[in-house]
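The structure under discussion appears below in the form of structure tokens.
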Amino acid sequence: MGLRNLAGTRLVVRLGTPWFCEFGGRNAGGSVRLAGPRLGGSPDHALRSGRVSLATQTTSIFMTTSEQQRLDEDERREKNWKRWGPYLSERQWGTVREDYSEGGNSWSDFPHEHARSRAYRWGEDGLLGFSDRQCRLCFSIALWNSNDTILKERLFGLTGPEGNHGEDVKELYYYLDSTPTHSYAKAMYRYPQQRYPYRDLVSINAQRGLNDREYELIDTGLLDENRFFDAKATYAKASDNDLLIDIAITNQGPDAHDITLLPTLWFRNTWVWGCLHEGCTAKPTIQAIDSHIVQTRHDTLEPFVCAFENQPDSELLFTENETNSEHLFGTENFSPYTKDAFHRYVIDDQTDAVNPKRHGTKVAALYRWNLAPGETRHVKVRLSVKEKVGEFHPDLGDDFDNVMNQRREEADEFYNAIIPSKATDEQRLVSRQAYAGLMWTKQFYHYIVADWLDGDRDVMTPPAARHNGRNKDWRHLYARDVLSMPDKWEYPWFAAWDLAFHMIPAARIDPAFAKKQLMVLLREWYMHPNGQLPAYEFYFDDVNPPVHAWACLRVFQMEAETGKRDYKFLSQAFQRLLVNFTWWVNQVDSNGDNVFAGGFLGLDNIGVFDRSKGLPEGAELEQADGTAWMAFYCGTMMSMALELARHDRSYSDMASKFLDHFIRIVDAMNGGESGGLWDEEDGFYYDQLQIDGETHPMRVKSLVGLLPLIAVEILDEDLLADLPGFRNRLEWFLNNRHDLVQHITFCQTTKRHHRMLISIPTQERLERVLEILLDESEFLSDFGIRSLSKKHESEPFRVTVRGKEHTVAYVPGESDSWMFGGNSNWRGPIWFPTSYLLIEALQRYHEFYGDDIQVECPTGSGVKMNLREVADELNRRMSNIFSTPAEGGSRPCLRGSGMKSDESLWQDQVLFYEYFHGDTGEGLGASHQTGWTALIATCIEHLHGRITEGVE
């Protein structure tokens with residue numbers, strides 16, 4: 001490795017391939033930048049393309065990779081790298097958007113049985129698919145194992161009423177890789193070789209109750225002896241409008257078996273509805289121009305050419321993406337060639353189902369193989385913009401292979417710069433697939449509520465009752481964006497608080513995407529005019545915990561670590577959040593006593609009552625968690641205002657406002673005029689039920705009583721010195737409101753540096769709650785933080801209200817009640833989002849208290865830890881969920897799934913569940929929640945710290 005001093009304070013280090021390292025001088029705060037290979041040009045060019053400005057006071061090392069260049073080019077709008085991505089849903093059938101029924105039963109109005117024959121109104125779906133960001137032109141694969149009665153074109157699962165634990169996907173598929181621009185992306189679908197057991201999965205689950213396990217595909221025995229195909233789709237971009245696709249099918253079984261593959265390209269149907277907002281009223285076309293090459297025409301999309309690899313006996317099939325109304329409803333079709341033509345051609349041998357004139361709005365290349373045991377066959381597809389008039393033949397040879405290989409290497413390079421070098425190989429695999437799932441769960445989401453309520457001209461006319469039903473008060477909502485979903489089967493729609501958590505790991509790899517996602521829900525075409533954020537598609541009016549401000553601030557802070565402080569983003573978010581905050585204060589503080597109540601608030605059925613269904617008549621519930629959420633919101637808004645005040649002093653007034661709110665809520669929680677929600681005897685925070693003139697503490701030890709810990713903020717003397725206006729108002733507060741000042745803790749560092757801590761618990765109360773939190777017989781599991789104390793397993797909480805008994809007992813796994821549909825459970829399992837907030841709060845407490853607080857961890861062990869060490873221990877336990885045990889066997893998250901523990905075919909494909917069993921770590925609920933469960937990647941980074949890599 002050679003070193004040479006190029007200019008001034010810059011030292012460039014050459015590491016074989018053109019990596020460049022810049023050491024900033026005195027004005028750069030001693031910063032260093034490492035710039036990666038394949039940048040081209042000079043070291044100066046390489047360094048200019050990085051995100052870190054050496055004029056800022058930073059000591060971070062930031063690596064500029066080829067993928068980072070693409071992100072920068074996309075952000076500057078020089079190239080449209082994110083135009084194509086995995087934006088295609090895995091389930092459009094059964095969604096609210098496609099529901100035009102009288103009673104609003106979306107599952108039965110558009111069931112899976114209709115999906116192959118019926119054109120969607122608001123989106124599309126497919127297997128392992130890609131589309132442009134407006135979902136005009138879509139690509140996915142279809143499969144047939146020679147035994148199924150249905151062409152496998154999309155995922156199947158149980159509807160809510162069919163599943164014994166609610167809706168549930170009954171397929172095996174995995175997200176293996178993706179860069180933020182999707183310049184390289186890979187996913188896999190696992191397809192049984194025998195007939196898919198659609199009926200058995202429905203009927204057997206119908207016979208099972210809440211205390212039984214779900215009946216899964218792997219329980220059928222069809223996958224024994226590895227009798228399945230693995231279908232992998234790998235995407236790479238040669239340019240922003242040149243998409244390369246490699247499809248590989250492997251026979252994992254012991255015998256030769258037939259497989260049919262149909263790579264499929266089609267246009268989303270926008271032409272029959274008369275929807276002018278699509279910008280396209282003319283019907284698009286896909287036309288054959290060669291034996292295996294087609295070209296497209298669309299009013300709002302450039303002409304594209306798609307080349308399918310020409311193999312022996314392969315052929316192109318054409319049809320229209322239009323409903324087979326004759327088959328479904330006994331009415332006349334728009335065209336003789338319908339959406340289900342490929343199903344009828346392949347399975348029913350209806351050769352006249354496809355258009356012999358070789359054009360339509362949907363095309364597939366047909367490949368029929370017999371694969372020997374262990375054999376893999378590939379098909380190459382290339383979709384490229386047609387830039388020149390005349391013939392254009394996309395290269396499927398050496399250029400295709402070279403681009404694929406290069407993009408794979410660049411994906412490795414990018415994630416090597418993100419994932420700490422001290423992470424184990426297993427942690428790297430988990431992190432890589434967590435990020436992949438987070439990127440693959442982006443989805444084109446289309447839902448214009450006014451059009452959905454009113455219907456389309458003579459095509460989809462909803463019943464009159466629609467105007468008095470679901471989402472009727474959200475006519476302004478106009479969604480036509482790529483959004484981050486909880487997942488793309490169970491929850492193929494955005495959820496406000498889920499999205500906020502998604503953006504924490506997303507900001508590590510693509511801050512620009514994270515900021516845009518957070519801002520979109522704050523825009524006037526999403527946020528209600530009264531300031532409420534839409535909760536989720538099934539009921540926008542529901543109330544999710546107010547975590548949006550926290551996510552905005554954290555994303556700003558994470559990007560600031562690279563030297564960029566995006567005050568424009570933070571200011572815009574803050575202004576919008578002020579409207580939302582006002583809605584919250586007016587909505588859920590009915591008594592004006594700063595103790596809050598109402599709604600879902602994120603903890604589903606953890607409480608005594610189903611909050612969304614209301615309380616007994618005349619009763620009021622003062623919520624420890626609802627109040628904690630609001631204190632958390634206030635503290636975050638104060639910190640945002642203080643950060644903005646560094647840039648614009650006028651924000652210091654708003655910081656004072658939120659300081660006042662924050663302290664008043666803290667006072668109410670701890671014993672204000674309402675008596676407070678703290679229980680001195682138990683050393684815990686509880687909800688309180690006000691009924692018939694009496695107050696009853698709901699003595700349930702749950703996350704409800706832990707969440708007050710997350711409302712914690714630190715005021716630093718240096719910051720106050722820079723903001724005299726805020727400091728003066730704070731001093732007035734300290735001098736004149738002695739009743740409230742008791743909730744502020746002061747400390748002095750060894751350098752006579754002063755700080756103030758504002759939090760709900762005092763130090764003494766914090767330590768008492770932590771004693772319970774870190775007790776393995778209560779909240780502390782080998783796999784993280786249980787949402788309900790394990791003591792309620794043997795000692796359920798019972799209360800009788802108006803003659804009716806209500807019970808809360810510890811249930812570490814699936815829910816044992818039908819509350820919230822039976823598929824959501826906060827009565828024991830481990831959840832990543834709330835656990836992450838608690839871990840982050842412990843880190844902040846340590847920042848203030850340092851080693852002055854030492855607690856036993858676990859309680860009773862005699863092992864003392866400071867709060868940073870406790871946070872690390874919780875991160876370690878949560879990472880255990882995904883780690884192979886030292887003694888061998890299955891990853892805890894895959895226990896109980898039936899997946900073989902001794903085969904890399906199963907254990908190297910990680911699933912990121914919605915939540916996890918409180919005692920065993922087994923994954924439960926939705927199996928592809930790489931939205932908020934992608935936080936595991938952030939937990940792994942916390943375990944290893946911010947690692948400086950590549951420089952000696």
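Identifiers in the structure tokens: chain A, B, ... in order shown; residue index from 1 per chain; ligand index from 1 in order shown.
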
Test item, strand (DSSP E or B) assignment across region 117-181 of chain A, answer as a ChimeraX atom specification: /A:125,127-132,137-144,152,157-158,164,166,168-169,172-178

Just the selected residues (N, CA and C atoms), exported as an mmCIF file, in the first residue's frame, please.
data_model
loop_
_atom_site.group_PDB
_atom_site.id
_atom_site.type_symbol
_atom_site.label_atom_id
_atom_site.label_comp_id
_atom_site.auth_asym_id
_atom_site.auth_seq_id
_atom_site.Cartn_x
_atom_site.Cartn_y
_atom_site.Cartn_z
ATOM 1 N N ASP A 125 -50.307 -7.674 -8.488
ATOM 2 C CA ASP A 125 -49.503 -8.549 -7.644
ATOM 3 C C ASP A 125 -48.825 -9.618 -8.489
ATOM 4 N N LEU A 127 -45.339 -12.923 -8.281
ATOM 5 C CA LEU A 127 -44.271 -13.612 -7.568
ATOM 6 C C LEU A 127 -42.922 -12.979 -7.882
ATOM 7 N N LEU A 128 -42.197 -12.571 -6.859
ATOM 8 C CA LEU A 128 -40.817 -12.076 -6.990
ATOM 9 C C LEU A 128 -40.727 -10.968 -8.026
ATOM 10 N N GLY A 129 -41.701 -10.063 -8.044
ATOM 11 C CA GLY A 129 -41.844 -9.150 -9.157
ATOM 12 C C GLY A 129 -41.169 -7.798 -9.008
ATOM 13 N N PHE A 130 -41.057 -7.124 -10.151
ATOM 14 C CA PHE A 130 -40.566 -5.746 -10.269
ATOM 15 C C PHE A 130 -41.592 -4.952 -11.064
ATOM 16 N N SER A 131 -41.565 -3.628 -10.870
ATOM 17 C CA SER A 131 -42.360 -2.739 -11.711
ATOM 18 C C SER A 131 -41.710 -1.368 -11.702
ATOM 19 N N ASP A 132 -42.195 -0.484 -12.565
ATOM 20 C CA ASP A 132 -41.782 0.911 -12.440
ATOM 21 C C ASP A 132 -42.507 1.516 -11.251
ATOM 22 N N LEU A 137 -45.872 -0.820 -15.853
ATOM 23 C CA LEU A 137 -45.359 -2.018 -16.518
ATOM 24 C C LEU A 137 -44.777 -2.936 -15.452
ATOM 25 N N CYS A 138 -45.259 -4.173 -15.403
ATOM 26 C CA CYS A 138 -44.917 -5.097 -14.321
ATOM 27 C C CYS A 138 -44.263 -6.356 -14.880
ATOM 28 N N PHE A 139 -43.396 -6.953 -14.057
ATOM 29 C CA PHE A 139 -42.749 -8.219 -14.409
ATOM 30 C C PHE A 139 -42.780 -9.137 -13.202
ATOM 31 N N SER A 140 -43.109 -10.387 -13.417
ATOM 32 C CA SER A 140 -42.988 -11.397 -12.367
ATOM 33 C C SER A 140 -42.897 -12.764 -13.031
ATOM 34 N N ILE A 141 -42.842 -13.804 -12.222
ATOM 35 C CA ILE A 141 -42.772 -15.158 -12.774
ATOM 36 C C ILE A 141 -44.024 -15.932 -12.410
ATOM 37 N N ALA A 142 -44.367 -16.909 -13.258
ATOM 38 C CA ALA A 142 -45.430 -17.870 -12.966
ATOM 39 C C ALA A 142 -44.838 -19.270 -13.129
ATOM 40 N N LEU A 143 -45.387 -20.219 -12.365
ATOM 41 C CA LEU A 143 -44.840 -21.576 -12.326
ATOM 42 C C LEU A 143 -45.969 -22.602 -12.375
ATOM 43 N N TRP A 144 -45.642 -23.788 -12.903
ATOM 44 C CA TRP A 144 -46.559 -24.924 -12.836
ATOM 45 C C TRP A 144 -45.754 -26.192 -12.668
ATOM 46 N N LYS A 152 -49.357 -21.019 -10.718
ATOM 47 C CA LYS A 152 -48.870 -20.263 -9.556
ATOM 48 C C LYS A 152 -48.343 -18.912 -10.033
ATOM 49 N N GLY A 157 -52.961 -17.469 0.778
ATOM 50 C CA GLY A 157 -53.014 -17.506 2.232
ATOM 51 C C GLY A 157 -54.444 -17.520 2.711
ATOM 52 N N LEU A 158 -54.593 -17.618 4.014
ATOM 53 C CA LEU A 158 -55.911 -17.676 4.619
ATOM 54 C C LEU A 158 -56.411 -16.281 4.937
ATOM 55 N N ASN A 164 -56.946 -19.789 12.206
ATOM 56 C CA ASN A 164 -57.228 -19.869 13.645
ATOM 57 C C ASN A 164 -56.459 -18.816 14.433
ATOM 58 N N GLY A 166 -56.004 -15.663 12.700
ATOM 59 C CA GLY A 166 -56.140 -14.555 11.767
ATOM 60 C C GLY A 166 -55.538 -14.869 10.414
ATOM 61 N N ASP A 168 -53.082 -15.331 7.272
ATOM 62 C CA ASP A 168 -51.767 -15.961 7.335
ATOM 63 C C ASP A 168 -51.370 -16.426 5.943
ATOM 64 N N VAL A 169 -50.210 -16.009 5.467
ATOM 65 C CA VAL A 169 -49.713 -16.467 4.174
ATOM 66 C C VAL A 169 -49.260 -17.918 4.310
ATOM 67 N N LEU A 172 -43.813 -20.223 1.063
ATOM 68 C CA LEU A 172 -42.431 -20.094 1.512
ATOM 69 C C LEU A 172 -41.672 -19.258 0.490
ATOM 70 N N TYR A 173 -41.227 -18.081 0.916
ATOM 71 C CA TYR A 173 -40.483 -17.195 0.017
ATOM 72 C C TYR A 173 -39.551 -16.348 0.866
ATOM 73 N N TYR A 174 -38.469 -15.900 0.266
ATOM 74 C CA TYR A 174 -37.389 -15.274 1.026
ATOM 75 C C TYR A 174 -36.795 -14.120 0.221
ATOM 76 N N TYR A 175 -36.515 -13.025 0.915
ATOM 77 C CA TYR A 175 -35.804 -11.902 0.314
ATOM 78 C C TYR A 175 -34.328 -12.058 0.656
ATOM 79 N N LEU A 176 -33.478 -12.182 -0.336
ATOM 80 C CA LEU A 176 -32.082 -12.537 -0.111
ATOM 81 C C LEU A 176 -31.131 -11.362 -0.228
ATOM 82 N N ASP A 177 -31.485 -10.359 -1.020
ATOM 83 C CA ASP A 177 -30.555 -9.242 -1.199
ATOM 84 C C ASP A 177 -31.265 -8.091 -1.890
ATOM 85 N N SER A 178 -30.798 -6.890 -1.630
ATOM 86 C CA SER A 178 -31.192 -5.719 -2.411
ATOM 87 C C SER A 178 -30.388 -4.518 -1.963
#

Exercise: Val870 (chain A) partners within 9 Å, only C-alpha atoms, chain neighbours under 2 positions left out, as a VMD selection string: chain A and resid 774 839 842 to 843 855 857 865 to 868 872 to 875

Write the residues of the preceding selection, restricted to C-alpha atoms, as a CSV table (one decimal), in the first residue's frame.
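Final file, selection-v7.csv:
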chain,number,residue,atom,x,y,z
A,774,LEU,CA,-34.5,-7.1,34.3
A,839,ILE,CA,-33.1,0.2,24.6
A,842,LEU,CA,-31.4,3.2,28.5
A,843,GLN,CA,-28.6,4.6,26.3
A,855,VAL,CA,-28.2,-2.2,38.4
A,857,CYS,CA,-28.7,-7.6,35.3
A,865,MET,CA,-24.0,-3.2,34.9
A,866,ASN,CA,-24.3,0.5,33.9
A,867,LEU,CA,-27.3,1.3,31.7
A,868,ARG,CA,-25.3,1.3,28.5
A,872,ASP,CA,-26.0,-3.9,25.1
A,873,GLU,CA,-27.2,-7.0,26.9
A,874,LEU,CA,-30.8,-6.5,25.6
A,875,ASN,CA,-29.4,-6.0,22.1

Using only C-alpha atoms: which of A:Gln742, A:Ala624, A:Glu681, A:Glu713 has the shortest distance to Leu642 (chain A): A:Glu713

Å distance separating CA of His182 (chain A) from CA of Asp290 (chain A), one decimal place: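 CA of Asp290 (chain A) lies 29.0 Å from CA of His182 (chain A).
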
Which residue of A:Met460, A:Leu719, A:Leu429, A:Leu706 approaches Ala119 (chain A) most closely, using only C-alpha atoms: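 Closest to Ala119 (chain A) of all the choices is A:Met460.
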
Pairwise distance for CA of His528 (chain A) and CA of Trp474 (chain A), rounded to one decimal in Å: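 Calculated distance between CA of His528 (chain A) and CA of Trp474 (chain A) is 7.0 Å.
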
Nearby residues (only C-alpha atoms) at most 12 Å from Asn205 (chain A), same-chain spacing under 2 positions excluded, as a PyMOL selection string: chain A and resi 157-168+170+198-203+207-217+219-220

Computed interatomic separation between CA of Leu709 (chain A) and CA of His661 (chain A) (Å): 17.0 Å

Shell of 10 Å around region 646-649 of chain A, only C-alpha atoms, local chain residues under 3 positions omitted, as a VMD selection string: chain A and resid 565 567 571 641 to 643 652 to 653 719 722 to 726
